[in-house]
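The next block is final.cif, given as mmCIF, C-alpha atoms and all ligand atoms.
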```
data_protein
#
loop_
_atom_site.label_atom_id
_atom_site.label_comp_id
_atom_site.auth_asym_id
_atom_site.auth_seq_id
_atom_site.Cartn_x
_atom_site.Cartn_y
_atom_site.Cartn_z
CA MET A 554 -18.69 17.18 23.03
CA THR A 555 -22.25 17.85 24.08
CA ASN A 556 -23.66 18.98 20.77
CA VAL A 557 -23.41 16.34 18.12
CA ASP A 558 -23.99 17.59 14.59
CA LYS A 559 -26.55 15.15 13.22
CA HIS A 560 -26.14 16.35 9.64
CA THR A 561 -23.83 13.51 8.84
CA SER A 562 -23.91 10.90 6.11
CA TYR A 563 -21.89 8.09 4.68
CA GLY A 564 -21.11 8.17 0.96
CA SER A 565 -23.92 6.96 -1.29
CA ASP A 566 -21.93 3.83 -2.19
CA TYR A 567 -21.31 2.89 1.47
CA LYS A 568 -21.88 -0.80 2.13
CA TYR A 569 -20.74 -3.87 4.02
CA ILE A 570 -17.72 -5.50 2.40
CA PRO A 571 -17.48 -9.29 2.70
CA ALA A 572 -13.75 -9.61 3.40
CA THR A 573 -12.14 -11.38 6.34
CA SER A 574 -8.91 -12.68 7.82
CA ILE A 575 -7.94 -15.15 10.55
CA SER A 576 -7.31 -12.16 12.84
CA SER A 577 -10.86 -10.85 12.47
CA GLY A 578 -12.37 -10.29 15.91
CA LEU A 579 -8.99 -10.73 17.59
CA GLY A 580 -7.89 -8.22 20.24
CA ILE A 581 -4.25 -8.06 21.35
CA GLU A 582 -2.69 -6.00 24.13
CA VAL A 583 0.46 -4.98 22.29
CA LEU A 584 1.62 -2.76 25.17
CA PRO A 585 0.02 -2.25 28.61
CA ASP A 586 -1.72 0.86 27.27
CA VAL A 587 -2.02 0.02 23.58
CA PHE A 588 -4.68 -2.47 22.49
CA ASN A 589 -5.20 -3.53 18.89
CA GLN A 590 -8.46 -5.00 17.60
CA THR A 591 -8.85 -6.42 14.12
CA ILE A 592 -12.15 -5.74 12.38
CA GLN A 593 -12.35 -8.14 9.41
CA ILE A 594 -9.19 -6.96 7.60
CA VAL A 595 -8.42 -3.62 9.27
CA ASN A 596 -7.10 -2.61 12.69
CA ILE A 597 -8.28 -0.12 15.28
CA GLN A 598 -6.38 0.80 18.43
CA LEU A 599 -7.46 1.77 21.93
CA VAL A 600 -4.71 3.82 23.54
CA GLY A 601 -4.74 4.50 27.28
CA ASN A 602 -4.34 2.76 30.63
CA PRO A 603 -7.25 0.30 31.00
CA LYS A 604 -7.49 1.09 34.74
CA THR A 605 -8.53 4.65 33.87
CA ASP A 606 -11.12 6.15 31.57
CA ASN A 607 -8.51 8.26 29.81
CA PHE A 608 -8.25 6.71 26.41
CA VAL A 609 -8.55 7.44 22.72
CA LEU A 610 -9.72 5.38 19.74
CA ILE A 611 -7.55 5.35 16.61
CA ASP A 612 -9.59 4.80 13.42
CA ALA A 613 -13.12 3.47 13.11
CA GLY A 614 -13.11 0.12 11.34
CA MET A 615 -15.19 -1.33 8.54
CA PRO A 616 -18.81 -0.54 7.60
CA ASN A 617 -21.29 -2.10 10.08
CA SER A 618 -18.68 -2.63 12.80
CA ALA A 619 -19.87 -0.11 15.43
CA ASP A 620 -21.29 -2.76 17.78
CA GLU A 621 -18.04 -4.72 17.66
CA ILE A 622 -15.97 -1.59 18.36
CA ILE A 623 -18.21 -0.53 21.25
CA SER A 624 -18.10 -3.97 22.84
CA ALA A 625 -14.30 -4.24 22.46
CA THR A 626 -14.07 -0.82 24.12
CA GLU A 627 -16.39 -1.78 26.99
CA ASP A 628 -14.60 -5.12 27.48
CA ARG A 629 -11.36 -3.25 28.02
CA PHE A 630 -12.41 -0.06 29.79
CA GLY A 631 -15.72 -1.00 31.40
CA LYS A 632 -19.44 -0.75 30.73
CA ASN A 633 -20.61 2.56 29.25
CA THR A 634 -17.09 3.97 28.96
CA ARG A 635 -16.25 6.13 25.99
CA PRO A 636 -13.01 7.44 24.52
CA LYS A 637 -12.08 11.11 24.94
CA ALA A 638 -11.75 11.40 21.17
CA ILE A 639 -11.36 9.48 17.93
CA ILE A 640 -8.22 10.16 15.89
CA LEU A 641 -8.29 9.18 12.20
CA THR A 642 -5.08 8.24 10.41
CA HIS A 643 -6.96 8.94 7.16
CA GLY A 644 -10.45 8.79 5.75
CA HIS A 645 -10.59 5.62 3.65
CA PHE A 646 -13.83 3.67 4.07
CA ASP A 647 -12.11 0.88 6.01
CA HIS A 648 -10.85 3.38 8.61
CA VAL A 649 -14.11 5.35 9.01
CA GLY A 650 -16.60 2.52 8.49
CA ALA A 651 -18.39 2.91 11.83
CA ILE A 652 -17.55 6.52 12.60
CA ILE A 653 -21.07 8.00 12.34
CA GLU A 654 -22.62 5.41 14.69
CA LEU A 655 -19.69 5.92 17.10
CA ILE A 656 -20.08 9.71 17.08
CA ASN A 657 -23.79 9.41 17.75
CA HIS A 658 -23.30 6.83 20.49
CA TRP A 659 -20.35 8.39 22.30
CA GLU A 660 -20.71 12.08 21.40
CA VAL A 661 -16.95 12.57 21.20
CA PRO A 662 -14.85 14.80 18.93
CA VAL A 663 -13.01 13.41 15.91
CA PHE A 664 -9.66 14.68 14.62
CA ALA A 665 -7.81 14.25 11.32
CA HIS A 666 -5.14 16.11 9.39
CA GLU A 667 -6.31 19.34 7.77
CA LEU A 668 -5.58 17.96 4.27
CA GLU A 669 -7.87 15.00 4.93
CA LEU A 670 -10.86 17.12 5.93
CA PRO A 671 -12.26 17.65 2.40
CA TYR A 672 -12.69 13.86 2.17
CA LEU A 673 -14.47 13.76 5.51
CA THR A 674 -16.83 16.69 5.02
CA GLY A 675 -18.49 15.66 1.76
CA GLN A 676 -16.34 17.82 -0.50
CA ASN A 677 -13.90 15.47 -2.23
CA SER A 678 -14.00 11.83 -3.29
CA TYR A 679 -10.83 9.80 -3.11
CA PRO A 680 -9.73 8.60 -6.53
CA GLU A 681 -11.35 5.32 -7.59
CA PRO A 682 -9.44 2.25 -6.39
CA ASP A 683 -7.20 0.82 -9.09
CA PRO A 684 -8.14 -2.84 -9.53
CA THR A 685 -5.53 -3.31 -12.27
CA VAL A 686 -2.51 -3.27 -9.96
CA GLU A 687 -1.19 -6.77 -10.01
CA GLY A 688 -2.06 -9.32 -7.42
CA GLY A 689 -5.32 -10.97 -7.04
CA MET A 690 -8.61 -10.85 -5.31
CA ILE A 691 -8.32 -7.96 -2.89
CA ALA A 692 -7.42 -5.63 -5.72
CA LYS A 693 -10.42 -7.01 -7.65
CA LEU A 694 -12.63 -6.75 -4.57
CA SER A 695 -11.48 -3.13 -4.34
CA GLN A 696 -13.83 -2.32 -7.22
CA MET A 697 -16.69 -2.56 -4.76
CA PHE A 698 -15.00 -0.42 -2.09
CA PRO A 699 -16.98 2.69 -1.24
CA ASN A 700 -15.23 5.91 -2.20
CA ASN A 701 -17.94 8.55 -2.27
CA PRO A 702 -17.23 11.13 0.43
CA ILE A 703 -18.47 10.75 3.94
CA ASN A 704 -19.74 13.91 5.62
CA LEU A 705 -19.00 14.27 9.32
CA GLY A 706 -20.15 17.88 9.39
CA GLU A 707 -19.15 19.81 12.49
CA ASN A 708 -17.99 16.68 14.29
CA ILE A 709 -14.58 16.56 12.62
CA GLN A 710 -11.75 18.95 13.44
CA SER A 711 -8.22 19.52 12.26
CA LEU A 712 -5.40 18.10 14.38
CA PRO A 713 -3.47 20.87 16.18
CA TYR A 714 -0.76 22.41 13.98
CA ASP A 715 1.94 21.97 16.62
CA GLY A 716 2.10 18.18 16.20
CA THR A 717 0.35 17.36 19.47
CA VAL A 718 -2.46 14.82 19.55
CA PRO A 719 -5.57 15.71 21.58
CA TYR A 720 -5.92 13.52 24.71
CA MET A 721 -2.71 11.64 23.83
CA PRO A 722 -0.09 13.81 25.58
CA GLU A 723 2.83 11.46 24.94
CA PHE A 724 2.20 11.13 21.21
CA LYS A 725 2.96 13.38 18.27
CA TRP A 726 1.38 13.12 14.85
CA VAL A 727 3.66 12.76 11.85
CA HIS A 728 2.39 13.76 8.41
CA THR A 729 2.86 10.72 6.17
CA PRO A 730 1.17 11.55 2.84
CA GLY A 731 1.23 9.41 -0.31
CA HIS A 732 -1.46 6.86 0.51
CA THR A 733 -3.75 9.88 0.98
CA PRO A 734 -2.90 13.60 1.11
CA GLY A 735 -3.60 14.03 4.82
CA HIS A 736 -2.47 10.67 6.11
CA VAL A 737 -0.90 10.77 9.59
CA SER A 738 0.98 8.30 11.77
CA LEU A 739 1.31 8.66 15.55
CA PHE A 740 4.60 8.30 17.41
CA ARG A 741 5.52 8.13 21.10
CA GLU A 742 9.16 8.94 21.65
CA LYS A 743 9.67 7.50 25.15
CA ASP A 744 9.28 3.88 24.01
CA ALA A 745 9.37 4.45 20.23
CA THR A 746 5.82 3.21 19.70
CA LEU A 747 4.51 3.83 16.20
CA LEU A 748 0.89 3.69 15.07
CA ALA A 749 1.56 3.80 11.34
CA GLY A 750 -1.92 3.71 9.78
CA ASP A 751 -1.53 2.71 6.14
CA ALA A 752 1.82 4.49 5.57
CA PHE A 753 3.21 0.97 5.44
CA VAL A 754 1.54 -2.29 6.41
CA THR A 755 2.71 -5.72 7.58
CA VAL A 756 0.58 -7.80 5.24
CA LYS A 757 0.49 -7.64 1.48
CA GLN A 758 -3.02 -6.44 0.62
CA ASP A 759 -2.82 -7.61 -2.96
CA SER A 760 -3.03 -11.28 -2.07
CA LEU A 761 -6.31 -12.61 -0.72
CA TYR A 762 -4.47 -15.62 0.68
CA LYS A 763 -1.98 -13.48 2.58
CA VAL A 764 -4.73 -11.20 3.87
CA LEU A 765 -6.73 -14.24 4.95
CA THR A 766 -3.79 -15.79 6.79
CA GLN A 767 -2.24 -12.43 7.79
CA GLN A 768 1.19 -13.79 6.80
CA GLN A 769 3.65 -11.21 8.10
CA GLU A 770 5.57 -9.39 5.41
CA ILE A 771 6.36 -5.69 5.28
CA SER A 772 4.78 -3.83 2.42
CA GLY A 773 4.25 -0.28 1.29
CA PRO A 774 0.79 1.27 1.58
CA PRO A 775 -2.10 -0.76 0.09
CA ARG A 776 -1.55 -0.44 -3.65
CA TYR A 777 -5.03 -0.15 -5.10
CA LEU A 778 -5.72 3.05 -3.14
CA THR A 779 -2.31 4.75 -3.12
CA THR A 780 -1.98 7.59 -5.60
CA ASN A 781 1.29 9.40 -4.87
CA TRP A 782 4.17 6.94 -4.73
CA GLU A 783 6.97 9.48 -4.35
CA ALA A 784 5.28 10.98 -1.30
CA ALA A 785 4.63 7.46 0.01
CA ARG A 786 8.34 6.67 -0.29
CA GLU A 787 9.33 9.81 1.64
CA SER A 788 6.80 8.96 4.33
CA VAL A 789 8.26 5.48 4.82
CA LYS A 790 11.75 7.03 5.07
CA LYS A 791 10.48 9.50 7.65
CA LEU A 792 9.01 6.71 9.79
CA ALA A 793 12.08 4.45 9.44
CA ALA A 794 14.24 7.35 10.66
CA LEU A 795 12.26 7.39 13.92
CA ASN A 796 13.62 3.89 14.69
CA PRO A 797 10.33 2.55 16.05
CA SER A 798 10.59 -0.35 18.49
CA VAL A 799 7.08 -1.53 17.71
CA ALA A 800 4.74 -0.68 14.84
CA ILE A 801 1.01 -1.25 14.68
CA THR A 802 -0.21 -0.79 11.14
CA GLY A 803 -3.67 -0.37 9.64
CA HIS A 804 -3.55 -3.88 8.23
CA GLY A 805 -1.68 -6.96 9.47
CA MET A 806 -0.15 -8.02 12.77
CA HIS A 807 2.01 -5.63 14.79
CA MET A 808 5.75 -5.97 14.27
CA ASP A 809 8.60 -5.20 16.65
CA GLY A 810 12.30 -5.43 17.46
CA LYS A 811 14.86 -6.57 14.96
CA LEU A 812 12.27 -7.86 12.51
CA LEU A 813 10.74 -4.38 12.36
CA SER A 814 14.02 -2.49 11.98
CA GLU A 815 15.30 -4.88 9.32
CA SER A 816 12.00 -4.89 7.48
CA LEU A 817 11.79 -1.10 7.44
CA GLU A 818 15.35 -0.81 6.19
CA LYS A 819 14.54 -3.28 3.42
CA LEU A 820 11.36 -1.39 2.52
CA VAL A 821 13.29 1.90 2.26
CA ASN A 822 16.09 0.36 0.19
CA GLU A 823 13.85 -1.68 -2.09
CA PHE A 824 10.80 0.56 -2.17
CA ASP A 825 10.49 0.38 -5.97
CA SER A 826 10.31 -3.41 -6.07
CA ILE A 827 8.46 -4.04 -2.80
CA ALA A 828 5.94 -1.22 -2.74
CA ILE A 829 5.30 0.27 -6.16
CA PRO A 830 3.13 -1.75 -8.54
CA TYR A 831 4.59 -2.58 -11.96
CA HIS A 832 1.60 -1.10 -13.68
CA GLY A 833 -1.63 0.60 -12.80
CA LYS A 834 -3.13 4.00 -13.36
CA TYR A 835 -1.32 5.80 -10.52
CA VAL A 836 2.15 4.86 -11.72
CA ASN A 837 3.48 7.67 -13.93
ZN ZN A 901 -6.11 3.42 3.41
ZN ZN A 902 -6.56 0.70 5.12
#
```
Would it be possible to restate this file's structure as structure tokens?
Ligand SMILES: [Zn+2]
Ligand SMILES: [Zn+2]
Amino acid sequence: MTNVDKHTSYGSDYKYIPATSISSGLGIEVLPDVFNQTIQIVNIQLVGNPKTDNFVLIDAGMPNSADEIISATEDRFGKNTRPKAIILTHGHFDHVGAIIELINHWEVPVFAHELELPYLTGQNSYPEPDPTVEGGMIAKLSQMFPNNPINLGENIQSLPYDGTVPYMPEFKWVHTPGHTPGHVSLFREKDATLLAGDAFVTVKQDSLYKVLTQQQEISGPPRYLTTNWEAARESVKKLAALNPSVAITGHGMHMDGKLLSESLEKLVNEFDSIAIPYHGKYVN
């Protein structure tokens, strides 16, 4: 992209959120061409062979994290390299926290599902986080999470309708709504690699202790921000049916092999007890 639309803005309640985990700042090469970096409590991925400059960034971290994302990118791909594009799994603040600085710095296109675009172009706010879902400090902290709409103007485009992912020829996007209306996950068939976003996660977000220690435990989408639980259930079923060999989720450590297949099966079978909160404003 040569012409960056500068008429962009974060939501008026955008701010740094003081949350962390032991994985914060940690970068892991999960596969030779898939690198995961944890920004405080959320993950971003760099997908592409590090010996080339053909790569894509998945999601854009927490507020104020642009410098960290740029340096992780340059550490892996070389000084002054830039991704071909940024793909957003969805538009929650912790997945678009540095997007405006990254667009201005790299001048690259950004893609998200069509149904997510109203939340990324200043039209719609996500519903307020629900701090009453059971389970501790993160849910309480969620009251300070920004949810006024970000406006990326002309810089954001809809993902292609045919399921392909720009600049990621081996991947297909899978619509996995429930956590948000236009949430997508990315799947590569040849080695069954799944980038799940927040369709399910491997750390329970409702416990500050578990987020801090990143204790591995499969969970549905983060509770305080999920509004459509029936859609979320169907999305988990859809992803489990793909039989992923490795899953990198928006929060928590990546999971693979037997632990992943057994955990996904358990999540599908016990979705009501594992994923859905007992109470809270988005339950019935
Ligand atoms: Zn989210
Ligand atoms: Zn998230």
As a quick test: using only C-alpha atoms and all ligand atoms, which residues lie no more than 10 Å away from ligand ZN 902 (chain A)? Give them as a JSON list (two decimals) with C-alpha atoms, keeping the file's coordinate frame.
```
[["chain", "number", "residue", "atom", "x", "y", "z"],
["A", 594, "ILE", "CA", -9.19, -6.96, 7.60],
["A", 595, "VAL", "CA", -8.42, -3.62, 9.27],
["A", 596, "ASN", "CA", -7.10, -2.61, 12.69],
["A", 612, "ASP", "CA", -9.59, 4.80, 13.42],
["A", 614, "GLY", "CA", -13.11, 0.12, 11.34],
["A", 615, "MET", "CA", -15.19, -1.33, 8.54],
["A", 642, "THR", "CA", -5.08, 8.24, 10.41],
["A", 643, "HIS", "CA", -6.96, 8.94, 7.16],
["A", 644, "GLY", "CA", -10.45, 8.79, 5.75],
["A", 645, "HIS", "CA", -10.59, 5.62, 3.65],
["A", 646, "PHE", "CA", -13.83, 3.67, 4.07],
["A", 647, "ASP", "CA", -12.11, 0.88, 6.01],
["A", 648, "HIS", "CA", -10.85, 3.38, 8.61],
["A", 649, "VAL", "CA", -14.11, 5.35, 9.01],
["A", 732, "HIS", "CA", -1.46, 6.86, 0.51],
["A", 750, "GLY", "CA", -1.92, 3.71, 9.78],
["A", 751, "ASP", "CA", -1.53, 2.71, 6.14],
["A", 752, "ALA", "CA", 1.82, 4.49, 5.57],
["A", 753, "PHE", "CA", 3.21, 0.97, 5.44],
["A", 754, "VAL", "CA", 1.54, -2.29, 6.41],
["A", 758, "GLN", "CA", -3.02, -6.44, 0.62],
["A", 774, "PRO", "CA", 0.79, 1.27, 1.58],
["A", 775, "PRO", "CA", -2.10, -0.76, 0.09],
["A", 778, "LEU", "CA", -5.72, 3.05, -3.14],
["A", 802, "THR", "CA", -0.21, -0.79, 11.14],
["A", 803, "GLY", "CA", -3.67, -0.37, 9.64],
["A", 804, "HIS", "CA", -3.55, -3.88, 8.23]]
```
Spatial neighbours of Ser565 of chain A, max dist 12 Å, all atoms listed in the file, sep filter under 2 positions, as an NGL selection string: :A and (562-563 or 567-568 or 646 or 675 or 678 or 698-704)
Expected answer as a PyMOL selection string: all residues with atoms within 10 Å of (-20.4, 20.2, 18.8), only C-alpha atoms: chain A and resi 554-559+660-662+706-709
Pick from A:Met721, A:Leu668, A:Ala749, A:Val727, whichever lies nearest to ligand ZN 901 (chain A) using only C-alpha atoms and all ligand atoms: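 Result for the nearest residue to ligand ZN 901 (chain A): A:Ala749.
Reported to one decimal place, the separation of atom CA of Tyr720 of chain A from atom CA of Gly578 of chain A is 26.2 Å.
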Selected residue, from A:Glu582, A:Glu723, A:Asp628, A:Glu669, that lies nearest to ligand ZN 901 (chain A) when counting all atoms listed in the file: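 Among the listed residues, A:Glu669 lies closest to ligand ZN 901 (chain A).
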Nearest to ligand ZN 901 (chain A), chosen from A:Leu792, A:Leu820, A:Val718, A:Ala613, with all atoms listed in the file counted in the distances: A:Ala613
Taking all atoms of segment 693-711 of chain A that the file lists, what box with edges along x, y and z, padded by 8 Å per side, do you get, with centre and edge lengths in Å to one decimal, as lines of an AutoDock Vina configuration file?
```
center_x = -14.2
center_y = 6.4
center_z = 3.3
size_x = 27.9
size_y = 42.8
size_z = 37.9
```
Non-local contacts of Asn589 of chain A (6 Å; only C-alpha atoms; under 3 positions in same chain excluded) as a PyMOL selection string: chain A and resi 580-581+597-598
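Taking all atoms listed in the file into account, the residues near (-8.7, 12.0, 10.6), no farther than 6 Å, are Ile640, Leu641, Thr642, His643, Phe664, Ala665 and His666 of chain A.
The shortest atom-to-atom distance to Tyr831 of chain A, with only C-alpha atoms taken into account, belongs to A:Arg776 out of A:His807, A:Lys791, A:Arg776, A:His560.
Nearest to Pro713 of chain A of all the residues A:Arg635, A:Tyr835, A:Glu667, A:Pro730 is A:Glu667, based on all atoms listed in the file.
If you look at atom CA of His728 of chain A and atom CA of Tyr679 of chain A, they are 18.0 Å away from each other.
Across A:Phe608, A:Phe824, A:Tyr777, A:Tyr714, the tightest approach to ligand ZN 901 (chain A) is made by A:Tyr777 when counting all atoms listed in the file.
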Two-atom distance - atom CA of Pro682 of chain A, atom CA of Glu787 of chain A (Å): 21.8 Å
Name the residues in contact with Gln696 of chain A at a cut-off of 8 Å, using all atoms listed in the file, excluding same-chain residues fewer than 3 positions from it; report them as a PDB file with C-alpha atoms, keeping the file's coordinate frame.
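Output (around_25.pdb):
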```
ATOM      1  CA  PRO A 682      -9.440   2.250  -6.390  1.00  0.00           C
ATOM      2  CA  ASP A 683      -7.200   0.820  -9.090  1.00  0.00           C
ATOM      3  CA  PRO A 684      -8.140  -2.840  -9.530  1.00  0.00           C
ATOM      4  CA  ALA A 692      -7.420  -5.630  -5.720  1.00  0.00           C
ATOM      5  CA  LYS A 693     -10.420  -7.010  -7.650  1.00  0.00           C
TER       6      LYS A 693
END
```
Contacts of Met808 of chain A at 8 Å (only C-alpha atoms; same-chain gap of 4+ positions) as a PyMOL selection string: chain A and resi 755+799-801+812-813
Selection near Gly731 of chain A, 9 Å with all atoms listed in the file, sequence-local residues under 2 positions removed, as a ChimeraX atom specification: /A:729,733-736,752,774,779-788
